[in-house]
>>> print(open('coords22.tsv').read())   # TSV, C-alpha atoms
chain	number	residue	atom	x	y	z
A	1	MET	CA	49.53	18.57	-30.58
A	2	LEU	CA	50.34	15.08	-31.84
A	3	PRO	CA	47.55	12.52	-32.13
A	4	GLN	CA	47.65	9.56	-29.75
A	5	PHE	CA	45.80	7.35	-32.26
A	6	GLU	CA	46.47	6.88	-35.96
A	7	TYR	CA	44.47	5.86	-38.99
A	8	GLY	CA	43.45	2.20	-38.67
A	9	ASP	CA	43.88	1.94	-34.87
A	10	GLU	CA	41.17	0.00	-33.07
A	11	VAL	CA	39.91	2.08	-30.16
A	12	ARG	CA	37.36	1.67	-27.38
A	13	LEU	CA	34.98	4.40	-26.25
A	14	ILE	CA	35.21	5.01	-22.50
A	15	ARG	CA	32.30	7.48	-22.25
A	16	ASN	CA	28.83	7.46	-23.76
A	17	VAL	CA	28.60	9.72	-26.77
A	18	ARG	CA	25.35	11.64	-27.21
A	19	ASN	CA	24.25	13.77	-30.13
A	20	ASP	CA	25.34	17.37	-29.58
A	21	GLY	CA	23.13	18.44	-32.48
A	22	THR	CA	25.66	17.72	-35.21
A	23	TYR	CA	24.62	14.11	-35.95
A	24	PRO	CA	21.84	14.16	-38.57
A	25	GLY	CA	18.56	12.32	-38.13
A	26	MET	CA	18.68	11.98	-34.35
A	27	ASP	CA	17.48	14.24	-31.55
A	28	THR	CA	19.97	16.31	-29.60
A	29	GLY	CA	20.93	14.35	-26.49
A	30	ALA	CA	20.15	10.96	-28.04
A	31	LEU	CA	22.67	8.22	-27.26
A	32	LEU	CA	24.83	7.61	-30.34
A	33	ILE	CA	27.38	5.09	-29.06
A	34	ARG	CA	27.53	3.36	-25.67
A	35	ARG	CA	30.77	3.23	-23.71
A	36	GLY	CA	32.73	0.05	-24.33
A	37	ALA	CA	32.04	0.01	-28.07
A	38	VAL	CA	35.05	-0.70	-30.29
A	39	GLY	CA	35.65	1.16	-33.52
A	40	CYS	CA	38.34	1.99	-36.04
A	41	VAL	CA	39.95	5.42	-36.46
A	42	TYR	CA	39.84	6.62	-40.03
A	43	ASP	CA	40.47	10.33	-39.75
A	44	VAL	CA	42.01	12.82	-37.33
A	45	GLY	CA	41.16	16.50	-37.34
A	46	THR	CA	40.91	19.48	-35.04
A	47	TYR	CA	38.08	21.48	-33.52
A	48	LEU	CA	38.66	25.16	-32.70
A	49	GLN	CA	42.34	24.55	-33.44
A	50	ASP	CA	43.00	23.15	-29.95
A	51	GLN	CA	41.12	19.83	-29.71
A	52	LEU	CA	41.90	16.67	-31.62
A	53	ILE	CA	38.81	14.96	-32.98
A	54	TYR	CA	38.96	11.39	-34.24
A	55	ARG	CA	36.43	10.17	-36.76
A	56	VAL	CA	35.74	6.63	-35.56
A	57	HIS	CA	33.65	4.05	-37.41
A	58	PHE	CA	31.78	1.72	-35.07
A	59	LEU	CA	30.99	-1.24	-37.31
A	60	ASN	CA	28.63	-3.08	-34.91
A	61	GLU	CA	26.59	0.08	-34.37
A	62	GLY	CA	26.76	1.15	-38.03
A	63	ARG	CA	27.79	4.70	-37.15
A	64	THR	CA	30.72	7.03	-37.67
A	65	VAL	CA	31.13	9.49	-34.82
A	66	GLY	CA	33.57	12.24	-33.91
A	67	CYS	CA	35.31	11.48	-30.59
A	68	ARG	CA	37.67	13.51	-28.44
A	69	GLU	CA	40.98	11.94	-27.47
A	70	GLU	CA	40.03	11.69	-23.77
A	71	GLU	CA	37.00	9.58	-24.73
A	72	LEU	CA	39.13	6.83	-26.31
A	73	ILE	CA	41.60	4.12	-25.31
A	74	LEU	CA	43.23	1.43	-27.43
A	75	ALA	CA	40.87	-1.53	-27.86
A	76	SER	CA	43.64	-3.77	-26.50
A	77	ALA	CA	43.84	-1.81	-23.18
A	78	PRO	CA	42.25	-3.35	-20.06
A	79	TRP	CA	38.50	-2.75	-19.86
A	80	ILE	CA	35.86	-3.64	-17.26
A	81	PRO	CA	32.36	-3.70	-18.78
A	82	ASN	CA	29.39	-2.37	-16.82
A	83	LEU	CA	25.68	-3.21	-17.00
A	84	PHE	CA	24.15	0.17	-16.24
A	85	GLU	CA	24.64	3.76	-17.37
A	86	PHE	CA	23.79	7.25	-16.12
A	87	ARG	CA	20.02	7.75	-15.82
A	88	ASP	CA	19.19	4.03	-16.05
A	89	ASN	CA	16.36	3.01	-13.73
A	90	VAL	CA	17.29	0.06	-11.53
A	91	ILE	CA	15.78	-2.03	-8.75
A	92	ALA	CA	17.61	-3.12	-5.61
A	93	THR	CA	17.84	-6.93	-5.45
A	94	ARG	CA	18.45	-6.82	-1.69
A	95	SER	CA	17.90	-4.44	1.20
A	96	LEU	CA	20.70	-1.91	1.65
A	97	ALA	CA	21.79	-0.74	5.08
A	98	VAL	CA	24.30	1.69	6.53
A	99	ARG	CA	25.57	0.91	10.04
A	100	GLY	CA	22.74	-1.57	10.54
A	101	GLN	CA	19.96	0.82	9.52
A	102	VAL	CA	18.04	-0.31	6.42
A	103	LEU	CA	17.79	2.67	4.07
A	104	VAL	CA	16.64	0.88	0.91
A	105	THR	CA	14.31	-2.10	0.87
A	106	ARG	CA	14.55	-4.95	-1.61
A	107	GLY	CA	12.61	-4.05	-4.75
A	108	GLN	CA	12.98	-0.28	-4.33
A	109	LEU	CA	13.42	1.74	-7.52
A	110	GLY	CA	16.50	3.91	-8.02
A	111	SER	CA	18.28	5.84	-10.75
A	112	ILE	CA	21.97	5.59	-11.69
A	113	MET	CA	23.77	8.86	-11.01
A	114	LYS	CA	27.38	7.81	-11.61
A	115	VAL	CA	29.33	4.74	-12.75
A	116	LEU	CA	32.38	3.87	-10.62
A	117	ARG	CA	34.61	1.62	-12.70
A	118	ASP	CA	37.84	2.10	-10.75
A	119	GLN	CA	37.01	-0.24	-7.85
A	120	PRO	CA	39.51	-3.02	-8.70
A	121	GLU	CA	38.75	-5.45	-5.88
A	122	ASP	CA	35.01	-4.74	-5.72
A	123	GLY	CA	34.18	-4.57	-9.43
A	124	VAL	CA	31.85	-1.95	-10.86
A	125	GLN	CA	29.79	0.10	-8.43
A	126	TYR	CA	27.28	2.91	-8.88
A	127	HIS	CA	26.01	5.99	-7.12
A	128	VAL	CA	22.26	5.32	-7.09
A	129	HIS	CA	19.59	7.89	-6.20
A	130	PHE	CA	16.73	6.19	-4.33
A	131	GLY	CA	14.62	9.32	-3.85
A	132	GLU	CA	14.31	12.02	-1.20
A	133	GLY	CA	17.98	12.95	-1.60
A	134	LEU	CA	19.25	9.46	-0.71
A	135	VAL	CA	22.27	8.46	-2.82
A	136	LEU	CA	24.15	5.25	-2.00
A	137	GLN	CA	27.19	3.56	-3.51
A	138	VAL	CA	25.90	0.14	-4.60
A	139	PRO	CA	27.74	-2.84	-6.15
A	140	GLU	CA	26.53	-3.98	-9.56
A	141	GLN	CA	25.42	-7.40	-8.30
A	142	SER	CA	22.85	-5.71	-5.99
A	143	LEU	CA	20.93	-4.14	-8.89
A	144	VAL	CA	18.82	-5.17	-11.87
A	145	MET	CA	17.52	-3.02	-14.69
A	146	ALA	CA	13.95	-1.86	-14.02
A	147	GLU	CA	11.25	-3.25	-16.30
A	148	THR	CA	13.13	-6.43	-17.14
A	149	GLU	CA	12.23	-10.04	-16.46
A	150	ALA	CA	14.82	-10.18	-13.64
A	151	ALA	CA	13.26	-7.10	-12.03
A	152	MET	CA	9.80	-8.63	-12.26
A	153	GLU	CA	11.11	-11.74	-10.46
A	154	VAL	CA	12.47	-9.58	-7.63
A	155	LEU	CA	9.14	-7.76	-7.32
A	156	ASP	CA	7.13	-11.01	-7.47
A	157	GLU	CA	9.08	-12.41	-4.53
A	158	LEU	CA	8.16	-9.44	-2.31
>>> encode(input="coords22.tsv", output="structure tokens")
Amino acid sequence: MLPQFEYGDEVRLIRNVRNDGTYPGMDTGALLIRRGAVGCVYDVGTYLQDQLIYRVHFLNEGRTVGCREEELILASAPWIPNLFEFRDNVIATRSLAVRGQVLVTRGQLGSIMKVLRDQPEDGVQYHVHFGEGLVLQVPEQSLVMAETEAAMEVLDEL
């Protein structure tokens, strides 16, 4: 079990890290570090003798967090940033249709269920739940964060 990253390596977090109850002063489940953040490895240890855990200092966030190897890539590796995360509330900036049938009207509220970052020609897309069991795959440019100035503009135009 050799570590992929060494002391001093700059790494990027590829998954959100939430408090599992071991980070003091924050509620369990609270977001500690958002995916895309870059930090510096300054310790490598093990958990239950079979998982490598990297202690990573995220300077911009002012936090040191334990990360599993599968949550990290080198900071120099290709990265596509995304605007929204799991559970974010969003508003559709246009009507969305499947085979000509409009399923979501412009201005309708939805919730991000999954981030799809591996769509090279189409950019970032999301599985968005629009209520009543309706989940659609939606491109990033068709959404705005709910309760923002951009969302208010969309709603004002309706």
>>> residues_around(input="coords22.tsv", residues="Asn82 (chain A)", least_positions_apart="6", cutoff="10 Å", atoms="only C-alpha atoms", output="PyMOL selection string")
chain A and resi 35-36+115-117+123-126+140
>>> residues_around(input="coords22.tsv", residues="Cys67 (chain A)", least_positions_apart="4", cutoff="9 Å", atoms="all atoms listed in the file", output="PyMOL selection string")
chain A and resi 13+17+52-56+71-72
>>> residues_around(input="coords22.tsv", residues="Phe86 (chain A)", least_positions_apart="2", cutoff="12 Å", atoms="only C-alpha atoms", output="ChimeraX atom specification")
/A:15-17,31,34-35,82-84,88-90,110-116,126-129
>>> atom_distance(input="coords22.tsv", atom1="CA of Glu6 (chain A)", atom2="CA of Val41 (chain A)")
6.7 Å
>>> atom_distance(input="coords22.tsv", atom1="CA of Gly131 (chain A)", atom2="CA of Val144 (chain A)")
17.1 Å
>>> closest_residue(input="coords22.tsv", among="A:Pro78, A:Val65, A:Gly133, A:Glu149", to="Asp118 (chain A)", atoms="all atoms listed in the file")
A:Pro78
>>> atom_distance(input="coords22.tsv", atom1="CA of Glu10 (chain A)", atom2="CA of Phe58 (chain A)")
9.8 Å
>>> residues_around(input="coords22.tsv", residues="Ala37 (chain A)", least_positions_apart="4", cutoff="9 Å", atoms="all atoms listed in the file", output="compact mmCIF listing (two decimals) with C-alpha atoms, in the frame of the given file")
# COMPACT_ATOMS: atom_id res chain seq x y z
CA VAL A 11 39.91 2.08 -30.16
CA ARG A 12 37.36 1.67 -27.38
CA LEU A 13 34.98 4.40 -26.25
CA ILE A 14 35.21 5.01 -22.50
CA ILE A 33 27.38 5.09 -29.06
CA PHE A 58 31.78 1.72 -35.07
CA ASN A 60 28.63 -3.08 -34.91
CA GLU A 61 26.59 0.08 -34.37
CA ALA A 75 40.87 -1.53 -27.86
>>> closest_residue(input="coords22.tsv", among="A:Asn19, A:Gln137, A:Gln108, A:Ser76", to="Ala92 (chain A)", atoms="only C-alpha atoms")
A:Gln108
>>> closest_residue(input="coords22.tsv", among="A:Gln141, A:Leu74, A:Ala146, A:Tyr7", to="Arg87 (chain A)", atoms="all atoms listed in the file")
A:Ala146
>>> residues_around(input="coords22.tsv", residues="Arg106 (chain A)", least_positions_apart="3", cutoff="12 Å", atoms="all atoms listed in the file", output="VMD selection string")
chain A and resid 90 to 97 102 to 103 109 to 110 130 142 to 144 151 153 to 158
>>> closest_residue(input="coords22.tsv", among="A:Glu85, A:Gln4, A:Val104, A:Asp20", to="Glu132 (chain A)", atoms="only C-alpha atoms")
A:Val104
>>> closest_residue(input="coords22.tsv", among="A:Asp50, A:Gly25, A:Pro139, A:His57", to="Gly8 (chain A)", atoms="all atoms listed in the file")
A:His57
>>> build_atoms(input="coords22.tsv", residues="region 86-97 of chain A", atoms="all heavy atoms", output="compact mmCIF listing (two decimals), in the frame of the given file")
# COMPACT_ATOMS: atom_id res chain seq x y z
N PHE A 86 24.43 6.07 -16.69
CA PHE A 86 23.79 7.25 -16.12
C PHE A 86 22.34 7.35 -16.57
O PHE A 86 22.04 7.15 -17.74
CB PHE A 86 24.58 8.50 -16.56
CG PHE A 86 23.98 9.80 -16.13
CD1 PHE A 86 23.91 10.14 -14.79
CD2 PHE A 86 23.48 10.68 -17.06
CE1 PHE A 86 23.36 11.35 -14.39
CE2 PHE A 86 22.94 11.89 -16.68
CZ PHE A 86 22.87 12.22 -15.34
N ARG A 87 21.46 7.60 -15.62
CA ARG A 87 20.02 7.75 -15.82
C ARG A 87 19.26 6.44 -15.95
O ARG A 87 18.03 6.46 -16.06
CB ARG A 87 19.69 8.63 -17.03
CG ARG A 87 20.13 10.05 -16.91
CD ARG A 87 19.59 10.85 -18.08
NE ARG A 87 20.25 12.14 -18.16
CZ ARG A 87 20.31 12.85 -19.24
NH1 ARG A 87 19.76 12.45 -20.35
NH2 ARG A 87 20.93 14.02 -19.23
N ASP A 88 19.92 5.30 -15.99
CA ASP A 88 19.19 4.03 -16.05
C ASP A 88 18.40 3.84 -14.77
O ASP A 88 18.89 4.13 -13.67
CB ASP A 88 20.14 2.84 -16.22
CG ASP A 88 20.65 2.66 -17.63
OD1 ASP A 88 20.13 3.34 -18.55
OD2 ASP A 88 21.57 1.84 -17.83
N ASN A 89 17.16 3.35 -14.89
CA ASN A 89 16.36 3.01 -13.73
C ASN A 89 16.65 1.57 -13.34
O ASN A 89 16.65 0.68 -14.19
CB ASN A 89 14.87 3.20 -14.01
CG ASN A 89 14.50 4.66 -14.15
OD1 ASN A 89 15.03 5.50 -13.44
ND2 ASN A 89 13.61 4.96 -15.05
N VAL A 90 16.92 1.37 -12.05
CA VAL A 90 17.29 0.06 -11.53
C VAL A 90 16.45 -0.28 -10.30
O VAL A 90 15.82 0.60 -9.70
CB VAL A 90 18.79 0.01 -11.15
CG1 VAL A 90 19.66 0.14 -12.39
CG2 VAL A 90 19.15 1.08 -10.14
N ILE A 91 16.47 -1.55 -9.95
CA ILE A 91 15.78 -2.03 -8.75
C ILE A 91 16.79 -2.74 -7.88
O ILE A 91 17.61 -3.54 -8.37
CB ILE A 91 14.62 -2.97 -9.14
CG1 ILE A 91 13.52 -2.15 -9.83
CG2 ILE A 91 14.07 -3.69 -7.92
CD1 ILE A 91 12.34 -2.95 -10.30
N ALA A 92 16.73 -2.46 -6.57
CA ALA A 92 17.61 -3.12 -5.61
C ALA A 92 17.19 -4.57 -5.45
O ALA A 92 16.01 -4.86 -5.23
CB ALA A 92 17.56 -2.40 -4.26
N THR A 93 18.15 -5.50 -5.57
CA THR A 93 17.84 -6.93 -5.45
C THR A 93 17.93 -7.40 -4.01
O THR A 93 17.65 -8.55 -3.71
CB THR A 93 18.79 -7.78 -6.32
OG1 THR A 93 20.13 -7.56 -5.89
CG2 THR A 93 18.63 -7.43 -7.79
N ARG A 94 18.37 -6.52 -3.12
CA ARG A 94 18.45 -6.82 -1.69
C ARG A 94 18.29 -5.53 -0.91
O ARG A 94 18.46 -4.44 -1.46
CB ARG A 94 19.77 -7.51 -1.35
CG ARG A 94 20.99 -6.69 -1.71
CD ARG A 94 22.28 -7.44 -1.60
NE ARG A 94 22.30 -8.43 -2.67
CZ ARG A 94 23.35 -9.02 -3.14
NH1 ARG A 94 24.50 -8.77 -2.62
NH2 ARG A 94 23.29 -9.89 -4.10
N SER A 95 17.98 -5.63 0.35
CA SER A 95 17.90 -4.44 1.20
C SER A 95 19.30 -3.89 1.41
O SER A 95 20.27 -4.65 1.49
CB SER A 95 17.27 -4.79 2.55
OG SER A 95 15.92 -5.15 2.36
N LEU A 96 19.41 -2.57 1.48
CA LEU A 96 20.70 -1.91 1.65
C LEU A 96 20.69 -1.14 2.95
O LEU A 96 19.76 -0.38 3.23
CB LEU A 96 20.95 -0.96 0.47
CG LEU A 96 20.88 -1.60 -0.92
CD1 LEU A 96 20.96 -0.53 -2.00
CD2 LEU A 96 21.98 -2.63 -1.10
N ALA A 97 21.73 -1.36 3.76
CA ALA A 97 21.79 -0.74 5.08
C ALA A 97 23.12 -0.03 5.27
O ALA A 97 24.13 -0.40 4.67
CB ALA A 97 21.62 -1.81 6.16
